[in-house]
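Colleague: Contents of target.cif (mmCIF, C-alpha atoms) are below:
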data_target
loop_
_atom_site.label_atom_id
_atom_site.label_comp_id
_atom_site.auth_asym_id
_atom_site.auth_seq_id
_atom_site.Cartn_x
_atom_site.Cartn_y
_atom_site.Cartn_z
CA MET Y 2 2.78 -106.97 -122.98
CA PRO Y 3 2.94 -105.73 -119.37
CA SER Y 4 0.50 -103.05 -118.30
CA LEU Y 5 1.62 -99.52 -117.47
CA LEU Y 6 1.30 -100.23 -113.76
CA GLU Y 7 3.41 -103.37 -114.08
CA ARG Y 8 6.07 -101.50 -116.06
CA VAL Y 9 6.24 -98.67 -113.52
CA GLN Y 10 6.61 -101.19 -110.71
CA GLN Y 11 9.45 -102.92 -112.56
CA LEU Y 12 11.35 -99.84 -113.76
CA THR Y 13 13.51 -97.47 -111.74
CA GLY Y 14 14.45 -93.78 -111.72
CA ASP Y 15 13.72 -91.64 -114.75
CA ASP Y 16 12.49 -94.66 -116.72
CA ARG Y 17 9.41 -94.76 -114.48
CA LEU Y 18 8.62 -91.11 -115.20
CA ALA Y 19 9.19 -91.64 -118.91
CA ALA Y 20 6.75 -94.57 -119.00
CA ILE Y 21 4.07 -92.50 -117.27
CA ARG Y 22 4.58 -89.52 -119.55
CA GLU Y 23 4.43 -91.72 -122.63
CA ALA Y 24 0.89 -92.65 -121.59
CA ALA Y 25 -0.33 -89.05 -121.94
CA ALA Y 26 -3.50 -88.69 -124.02
CA THR Y 27 -4.07 -92.44 -124.05
CA THR Y 28 -7.48 -93.73 -125.10
CA ASP Y 29 -6.97 -97.14 -123.53
CA PRO Y 30 -9.25 -97.57 -120.48
CA THR Y 31 -6.82 -99.99 -118.81
CA THR Y 32 -3.97 -97.51 -119.08
CA ILE Y 33 -6.20 -94.75 -117.74
CA ASN Y 34 -7.06 -96.96 -114.77
CA ASP Y 35 -3.35 -97.53 -114.17
CA LEU Y 36 -2.62 -93.81 -114.29
CA VAL Y 37 -5.39 -93.09 -111.81
CA GLU Y 38 -4.14 -95.83 -109.51
CA ILE Y 39 -0.65 -94.32 -109.57
CA LEU Y 40 -1.80 -90.76 -108.89
CA ALA Y 41 -3.97 -91.93 -106.00
CA SER Y 42 -1.46 -94.24 -104.33
CA PRO Y 43 0.85 -93.02 -101.54
CA ASP Y 44 3.05 -96.01 -102.42
CA PHE Y 45 4.42 -93.97 -105.34
CA GLY Y 46 6.43 -90.80 -104.82
CA GLU Y 47 4.84 -87.41 -105.46
CA PRO Y 48 6.78 -86.80 -108.73
CA LEU Y 49 5.38 -90.05 -110.17
CA ARG Y 50 1.90 -89.26 -108.93
CA GLN Y 51 1.98 -85.79 -110.45
CA ALA Y 52 3.29 -87.15 -113.75
CA ALA Y 53 0.36 -89.60 -113.78
CA ALA Y 54 -2.10 -86.77 -113.10
CA GLU Y 55 -0.58 -84.68 -115.90
CA SER Y 56 -0.93 -87.60 -118.30
CA VAL Y 57 -4.52 -88.19 -117.25
CA ALA Y 58 -5.30 -84.50 -117.77
CA GLN Y 59 -4.53 -84.97 -121.46
CA CYS Y 60 -7.08 -87.77 -121.79
CA ALA Y 61 -10.52 -86.65 -122.91
CA MET Y 62 -12.16 -90.03 -122.30
CA PRO Y 63 -15.30 -89.88 -120.08
CA CYS Y 64 -13.94 -92.71 -117.94
CA VAL Y 65 -11.33 -90.26 -116.59
CA ALA Y 66 -13.98 -88.27 -114.76
CA GLU Y 67 -15.67 -91.47 -113.59
CA ARG Y 68 -12.43 -92.59 -111.96
CA LEU Y 69 -11.29 -89.21 -110.60
CA LEU Y 70 -14.49 -87.75 -109.16
CA PRO Y 71 -14.61 -90.15 -106.17
CA LEU Y 72 -11.04 -89.11 -105.32
CA ARG Y 73 -12.07 -85.48 -104.86
CA THR Y 74 -13.28 -86.37 -101.35
CA SER Y 75 -10.18 -88.34 -100.37
CA ALA Y 76 -8.86 -87.81 -96.86
CA GLU Y 77 -5.40 -87.29 -98.33
CA ALA Y 78 -4.88 -83.74 -99.60
CA PHE Y 79 -2.33 -84.76 -102.24
CA THR Y 80 -4.80 -87.20 -103.77
CA ARG Y 81 -7.43 -84.44 -103.93
CA THR Y 82 -4.84 -82.18 -105.52
CA MET Y 83 -3.88 -84.72 -108.16
CA ALA Y 84 -7.53 -85.44 -108.92
CA ALA Y 85 -8.08 -81.71 -109.51
CA LEU Y 86 -5.07 -81.65 -111.84
CA GLY Y 87 -6.24 -84.75 -113.67
CA LEU Y 88 -9.71 -83.29 -114.25
CA GLY Y 89 -8.16 -80.48 -116.26
CA GLY Y 90 -9.13 -82.13 -119.53
CA GLN Y 91 -12.72 -82.93 -118.57
CA THR Y 92 -15.66 -80.78 -119.67
CA SER Y 93 -18.62 -82.62 -118.17
CA SER Y 94 -20.94 -80.80 -115.80
CA ALA Y 95 -20.00 -83.19 -113.00
CA ALA Y 96 -16.28 -82.50 -113.47
CA ILE Y 97 -16.78 -78.73 -113.56
CA GLN Y 98 -19.00 -78.79 -110.48
CA SER Y 99 -16.42 -80.83 -108.61
CA LEU Y 100 -13.64 -78.42 -109.54
CA VAL Y 101 -15.69 -75.41 -108.45
CA LEU Y 102 -16.24 -77.08 -105.09
CA GLY Y 103 -12.48 -77.61 -104.97
CA LEU Y 104 -12.08 -73.83 -104.69
CA ALA Y 105 -13.49 -74.19 -101.17
CA ASP Y 106 -11.07 -76.93 -100.13
CA PRO Y 107 -9.16 -76.11 -96.91
CA VAL Y 108 -5.83 -76.99 -98.58
CA ASN Y 109 -4.16 -74.36 -100.74
CA THR Y 110 -2.76 -76.74 -103.38
CA VAL Y 111 -6.19 -78.28 -103.95
CA ARG Y 112 -7.70 -74.84 -104.46
CA ASN Y 113 -4.86 -73.84 -106.80
CA TRP Y 114 -5.15 -76.89 -109.06
CA SER Y 115 -8.93 -76.66 -109.08
CA GLU Y 116 -8.57 -73.06 -110.24
CA ARG Y 117 -6.03 -73.94 -112.94
CA SER Y 118 -8.20 -76.72 -114.30
CA LEU Y 119 -11.24 -74.44 -114.44
CA VAL Y 120 -9.26 -71.69 -116.18
CA GLY Y 121 -8.19 -74.26 -118.77
CA GLN Y 122 -11.87 -75.15 -119.40
CA ILE Y 123 -13.52 -71.72 -119.41
CA SER Y 124 -16.13 -72.57 -122.05
CA ALA Y 125 -17.28 -75.60 -120.07
CA THR Y 126 -17.15 -73.58 -116.85
CA ARG Y 127 -19.35 -70.91 -118.38
CA GLU Y 128 -21.80 -73.58 -119.50
CA SER Y 129 -22.24 -75.38 -116.19
CA GLY Y 130 -20.23 -73.73 -113.41
CA VAL Y 131 -21.50 -70.15 -113.09
CA PRO Y 132 -24.24 -70.70 -110.46
CA ALA Y 133 -21.80 -72.56 -108.20
CA LEU Y 134 -19.19 -69.82 -108.67
CA LEU Y 135 -21.75 -67.18 -107.72
CA ASP Y 136 -22.50 -69.11 -104.54
CA LEU Y 137 -18.82 -69.10 -103.60
CA LEU Y 138 -18.67 -65.30 -103.75
CA THR Y 139 -20.51 -65.22 -100.42
CA THR Y 140 -18.31 -67.72 -98.58
CA PRO Y 141 -16.53 -66.30 -95.51
CA VAL Y 142 -13.15 -67.55 -96.79
CA PRO Y 143 -11.23 -64.88 -98.79
CA LEU Y 144 -9.03 -67.50 -100.49
CA THR Y 145 -12.17 -69.06 -101.93
CA ARG Y 146 -13.95 -65.85 -102.88
CA SER Y 147 -10.89 -64.64 -104.79
CA PRO Y 148 -10.48 -67.48 -107.34
CA ALA Y 149 -14.25 -67.68 -107.74
CA ALA Y 150 -14.26 -63.98 -108.70
CA ARG Y 151 -11.36 -64.44 -111.09
CA ILE Y 152 -12.92 -67.38 -112.91
CA LEU Y 153 -16.35 -65.76 -113.01
CA GLY Y 154 -14.84 -62.80 -114.85
CA LEU Y 155 -13.10 -65.08 -117.32
CA THR Y 156 -16.40 -66.76 -118.17
CA ARG Y 157 -17.71 -63.36 -119.35
CA ASP Y 158 -21.13 -64.36 -118.07
CA PRO Y 159 -23.21 -61.22 -117.34
CA ARG Y 160 -24.71 -62.86 -114.26
CA GLY Y 161 -21.41 -62.07 -112.58
CA LEU Y 162 -21.69 -58.30 -113.00
CA HIS Y 163 -23.57 -57.21 -109.89
CA PRO Y 164 -22.05 -59.79 -107.51
CA LEU Y 165 -18.57 -58.80 -108.63
CA MET Y 166 -19.41 -55.13 -108.26
CA GLU Y 167 -20.67 -55.79 -104.74
CA MET Y 168 -17.45 -57.60 -103.88
CA ALA Y 169 -15.20 -54.98 -105.46
CA GLY Y 170 -16.90 -52.17 -103.60
CA LYS Y 171 -17.63 -53.68 -100.20
CA ASP Y 172 -15.54 -56.75 -99.44
CA PRO Y 173 -13.60 -56.14 -96.20
CA GLU Y 174 -10.57 -58.07 -97.50
CA TRP Y 175 -8.31 -56.55 -100.14
CA LEU Y 176 -7.56 -59.80 -102.03
CA PRO Y 177 -11.19 -60.50 -103.01
CA ARG Y 178 -11.63 -56.82 -103.95
CA MET Y 179 -8.57 -57.08 -106.20
CA TRP Y 180 -9.79 -60.21 -107.97
CA ALA Y 181 -13.32 -58.87 -108.26
CA LEU Y 182 -11.94 -55.84 -110.10
CA LYS Y 183 -9.83 -58.02 -112.36
CA GLY Y 184 -12.97 -60.08 -112.96
CA LEU Y 185 -14.94 -56.97 -113.88
CA GLY Y 186 -12.27 -56.04 -116.39
CA ASP Y 187 -12.42 -59.47 -117.99
CA LEU Y 188 -16.23 -59.40 -117.92
CA GLY Y 189 -16.03 -56.26 -120.06
CA LEU Y 190 -19.39 -54.75 -119.14
CA THR Y 191 -19.38 -50.95 -119.03
CA GLU Y 192 -21.92 -50.81 -116.19
CA ALA Y 193 -18.96 -51.43 -113.86
CA THR Y 194 -16.99 -48.39 -115.07
CA GLU Y 195 -17.91 -45.90 -112.34
CA LEU Y 196 -17.19 -48.38 -109.58
CA VAL Y 197 -13.85 -49.28 -111.15
CA ILE Y 198 -12.92 -45.59 -111.33
CA ASP Y 199 -13.85 -45.09 -107.69
CA ARG Y 200 -11.70 -48.04 -106.56
CA MET Y 201 -8.79 -46.86 -108.71
CA GLN Y 202 -8.91 -43.44 -107.07
CA ASN Y 203 -9.93 -44.27 -103.52
CA ASP Y 204 -9.19 -47.83 -102.42
CA PRO Y 205 -6.71 -47.84 -99.52
CA LYS Y 206 -4.87 -50.92 -100.84
CA ASN Y 207 -2.32 -50.35 -103.60
CA ARG Y 208 -2.88 -53.71 -105.29
CA VAL Y 209 -6.60 -53.06 -105.49
CA ARG Y 210 -6.00 -49.66 -107.11
CA ALA Y 211 -3.62 -51.34 -109.57
CA ALA Y 212 -6.26 -53.96 -110.45
CA ALA Y 213 -8.79 -51.19 -111.00
CA ALA Y 214 -6.42 -49.39 -113.37
CA GLU Y 215 -5.94 -52.62 -115.30
CA ALA Y 216 -9.71 -53.16 -115.44
CA LEU Y 217 -10.30 -49.61 -116.66
CA GLY Y 218 -7.98 -50.27 -119.58
CA LYS Y 219 -10.11 -53.26 -120.52
CA LEU Y 220 -13.43 -51.41 -120.12
CA ARG Y 221 -12.14 -48.60 -122.41
CA PRO Y 222 -14.37 -45.66 -121.44
CA SER Y 223 -13.97 -42.57 -123.60
CA HIS Y 224 -12.23 -40.64 -120.81
CA ALA Y 225 -9.87 -43.49 -119.86
CA GLU Y 226 -6.74 -41.60 -120.91
CA THR Y 227 -7.55 -38.61 -118.71
CA LEU Y 228 -8.33 -40.81 -115.72
CA LEU Y 229 -5.26 -42.99 -116.07
CA ARG Y 230 -2.91 -40.05 -116.58
CA ALA Y 231 -4.36 -38.50 -113.42
CA VAL Y 232 -3.30 -41.67 -111.60
CA LEU Y 233 0.24 -41.17 -112.89
CA ASP Y 234 0.22 -37.67 -111.42
CA THR Y 235 -1.35 -38.45 -108.05
CA ASP Y 236 -0.68 -42.03 -106.92
CA ASP Y 237 2.57 -42.68 -105.08
CA ASP Y 238 2.74 -46.46 -105.48
CA ASP Y 239 5.00 -47.86 -108.21
CA GLY Y 240 2.76 -50.89 -108.75
CA VAL Y 241 -0.27 -48.68 -109.36
CA LEU Y 242 1.76 -46.45 -111.69
CA LYS Y 243 2.92 -49.45 -113.70
CA ALA Y 244 -0.63 -50.77 -113.98
CA ALA Y 245 -1.90 -47.37 -115.14
CA GLY Y 246 0.93 -47.10 -117.65
CA GLU Y 247 0.28 -50.56 -119.04
CA ALA Y 248 -3.43 -49.77 -119.30
CA LEU Y 249 -2.62 -46.62 -121.28
CA ARG Y 250 -0.33 -48.58 -123.60
CA SER Y 251 -3.07 -51.18 -124.13
CA LEU Y 252 -5.28 -48.31 -125.29
CA GLY Y 253 -2.64 -47.13 -127.75
CA PHE Y 254 -1.19 -44.19 -125.81
CA GLU Y 255 2.49 -43.50 -125.27
CA VAL Y 256 3.76 -43.60 -121.69
CA ALA Y 257 7.22 -43.17 -120.21
CA ASP Y 258 8.81 -46.11 -118.44
CA ILE Y 259 8.97 -46.42 -114.67
CA ASN Y 260 12.05 -47.23 -112.61
CA ASP Y 261 12.69 -47.56 -108.91
CA ASP Y 262 12.71 -43.79 -108.49
CA GLY Y 263 9.44 -43.14 -110.28
CA TRP Y 264 8.50 -42.15 -113.82
CA GLU Y 265 11.21 -41.03 -116.26
#
Mind converting the file's structure to structure tokens?
Modeller:
Amino acid sequence: MPSLLERVQQLTGDDRLAAIREAAATTDPTTINDLVEILASPDFGEPLRQAAAESVAQCAMPCVAERLLPLRTSAEAFTRTMAALGLGGQTSSAAIQSLVLGLADPVNTVRNWSERSLVGQISATRESGVPALLDLLTTPVPLTRSPAARILGLTRDPRGLHPLMEMAGKDPEWLPRMWALKGLGDLGLTEATELVIDRMQNDPKNRVRAAAAEALGKLRPSHAETLLRAVLDTDDDDGVLKAAGEALRSLGFEVADINDDGWE
């Protein structure tokens, strides 16, 4: 019987995609090798390469990481991207560390797929990725600090509390402040409450104030209703109003809907 690689080379059109997708979750090392060869080869079109990466991501075999980790330093950005996608089913420390480093890649798609793969493996990321995530919070690149903050919050590791508070309160860029606040909400530690309230009331960027309102709903302080209803009365940004309203609803309070002209 021909190998997957041989079949893909012989087939045409949608039949090639179908053959690759049929290999998802395979436990056969030879088939895994073929999938990795396809995702790493510029000789195949990007749809075929992505399909191969998606199939590899469903394989839990340790040989997947062994084959993909060397590709994370490829000179070709698309290969690095597909390797990050393919590592989405791997929980080893080496795989998690590689994906965390991918958040610092200069190419946006590599960072995005590294982030998605880490989000899909939060338990493994909590186990072996937190120190590396903490290190990334101090990088000068906002588009690296932001996903690191998001994922750190999702791990619910208390080591993230003070670094995320520092970022939420002092980062000069609004995007990292926004994700730090979302991270603090997911972290769920009440020590962040006063800072979250301050950012909700005083941050100059509307999306940061909205993230703070969302976080406050998750932190659930006893005076959350009063604070969030004050936002509805004082903030003039529809996005912030919607976030405050959704936070109130998450706490079990009734809130009127918002339209383009404001609250009804």
Colleague: Can you pull out every residue within 7 Å of Y:Leu233, counting all atoms listed in the file, but drop anything in the same chain fewer than 4 positions away, and send it as a PyMOL selection string?
Modeller: chain Y and resi 229+242+245
Colleague: Residues near Y:Ala216, anyone? I mean within 7 Å using only C-alpha atoms, not counting same-chain ones fewer than 4 positions away, as an mmCIF file with C-alpha atoms, keeping the file's coordinate frame.
Modeller:
data_model
loop_
_atom_site.group_PDB
_atom_site.id
_atom_site.type_symbol
_atom_site.label_atom_id
_atom_site.label_comp_id
_atom_site.auth_asym_id
_atom_site.auth_seq_id
_atom_site.Cartn_x
_atom_site.Cartn_y
_atom_site.Cartn_z
ATOM 1 C CA LEU Y 182 -11.940 -55.840 -110.100
ATOM 2 C CA LYS Y 183 -9.830 -58.020 -112.360
ATOM 3 C CA LEU Y 185 -14.940 -56.970 -113.880
ATOM 4 C CA GLY Y 186 -12.270 -56.040 -116.390
ATOM 5 C CA ALA Y 212 -6.260 -53.960 -110.450
ATOM 6 C CA LEU Y 220 -13.430 -51.410 -120.120
#
Colleague: Using only C-alpha atoms, which residues sit within 9 Å of stretch 250-256 of chain Y once same-chain residues fewer than 6 positions away are excluded, as a PDB file with C-alpha atoms, keeping the file's coordinate frame?
Modeller:
ATOM      1  CA  GLY Y 218      -7.980 -50.270-119.580  1.00  0.00           C
ATOM      2  CA  LYS Y 219     -10.110 -53.260-120.520  1.00  0.00           C
ATOM      3  CA  ARG Y 221     -12.140 -48.600-122.410  1.00  0.00           C
ATOM      4  CA  ALA Y 225      -9.870 -43.490-119.860  1.00  0.00           C
ATOM      5  CA  GLU Y 226      -6.740 -41.600-120.910  1.00  0.00           C
TER       6      GLU Y 226
END
Colleague: With only C-alpha atoms as the counted atoms, please give the residues lying no more than 7 Å from Y:Thr82, apart from itself and same-chain residues fewer than 5 positions off, as a ChimeraX atom specification.
Modeller: /Y:110-111,114
Colleague: So how many Å separate atom CA of Y:Leu134 and atom CA of Y:Glu167, to one decimal?
Modeller: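 Calculated distance between atom CA of Y:Leu134 and atom CA of Y:Glu167 is 14.6 Å.
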Colleague: Considering all atoms listed in the file, return as a PyMOL selection string whatever protein or nucleic-acid residues lie within 6 Å of stretch 152-156 of chain Y, sequence-local ones (same chain, fewer than 5 positions apart) excluded.
Modeller: chain Y and resi 123+127+184-185+187-188
Colleague: Separation of atom CA of Y:Ala58 and atom CA of Y:Gln10, in Å?
Modeller: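 Going from atom CA of Y:Ala58 over to atom CA of Y:Gln10 covers 21.7 Å.
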Colleague: Compare Y:Gln202, Y:Thr92, Y:Ser223, Y:Thr145 by their minimum atom-to-atom distance to Y:Asp237, counting all atoms listed in the file, and give me the closest one.
Modeller: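 The shortest atom-to-atom distance to Y:Asp237 comes from Y:Gln202.
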Colleague: Could you check how far atom CA of Y:Lys171 sits from atom CA of Y:Ala133, in Å to one decimal?
Modeller: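 Between atom CA of Y:Lys171 and atom CA of Y:Ala133 the gap works out to 20.9 Å.
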Colleague: Please evaluate the PyMOL selection byres ((chain Y and resi 32) around 12) against the structure above and give the resulting residues as a short mmCIF file (atom, residue, chain, number, x, y, z; two decimals) with C-alpha atoms, keeping the file's coordinate frame.
Modeller:
data_model
loop_
_atom_site.label_atom_id
_atom_site.label_comp_id
_atom_site.auth_asym_id
_atom_site.auth_seq_id
_atom_site.Cartn_x
_atom_site.Cartn_y
_atom_site.Cartn_z
CA PRO Y 3 2.94 -105.73 -119.37
CA SER Y 4 0.50 -103.05 -118.30
CA LEU Y 5 1.62 -99.52 -117.47
CA LEU Y 6 1.30 -100.23 -113.76
CA GLU Y 7 3.41 -103.37 -114.08
CA ARG Y 8 6.07 -101.50 -116.06
CA VAL Y 9 6.24 -98.67 -113.52
CA ALA Y 20 6.75 -94.57 -119.00
CA ILE Y 21 4.07 -92.50 -117.27
CA ARG Y 22 4.58 -89.52 -119.55
CA GLU Y 23 4.43 -91.72 -122.63
CA ALA Y 24 0.89 -92.65 -121.59
CA ALA Y 25 -0.33 -89.05 -121.94
CA ALA Y 26 -3.50 -88.69 -124.02
CA THR Y 27 -4.07 -92.44 -124.05
CA THR Y 28 -7.48 -93.73 -125.10
CA ASP Y 29 -6.97 -97.14 -123.53
CA PRO Y 30 -9.25 -97.57 -120.48
CA THR Y 31 -6.82 -99.99 -118.81
CA ILE Y 33 -6.20 -94.75 -117.74
CA ASN Y 34 -7.06 -96.96 -114.77
CA ASP Y 35 -3.35 -97.53 -114.17
CA LEU Y 36 -2.62 -93.81 -114.29
CA VAL Y 37 -5.39 -93.09 -111.81
CA GLU Y 38 -4.14 -95.83 -109.51
CA ILE Y 39 -0.65 -94.32 -109.57
CA ALA Y 53 0.36 -89.60 -113.78
CA SER Y 56 -0.93 -87.60 -118.30
CA VAL Y 57 -4.52 -88.19 -117.25
CA CYS Y 60 -7.08 -87.77 -121.79
CA MET Y 62 -12.16 -90.03 -122.30
CA CYS Y 64 -13.94 -92.71 -117.94
CA VAL Y 65 -11.33 -90.26 -116.59
#
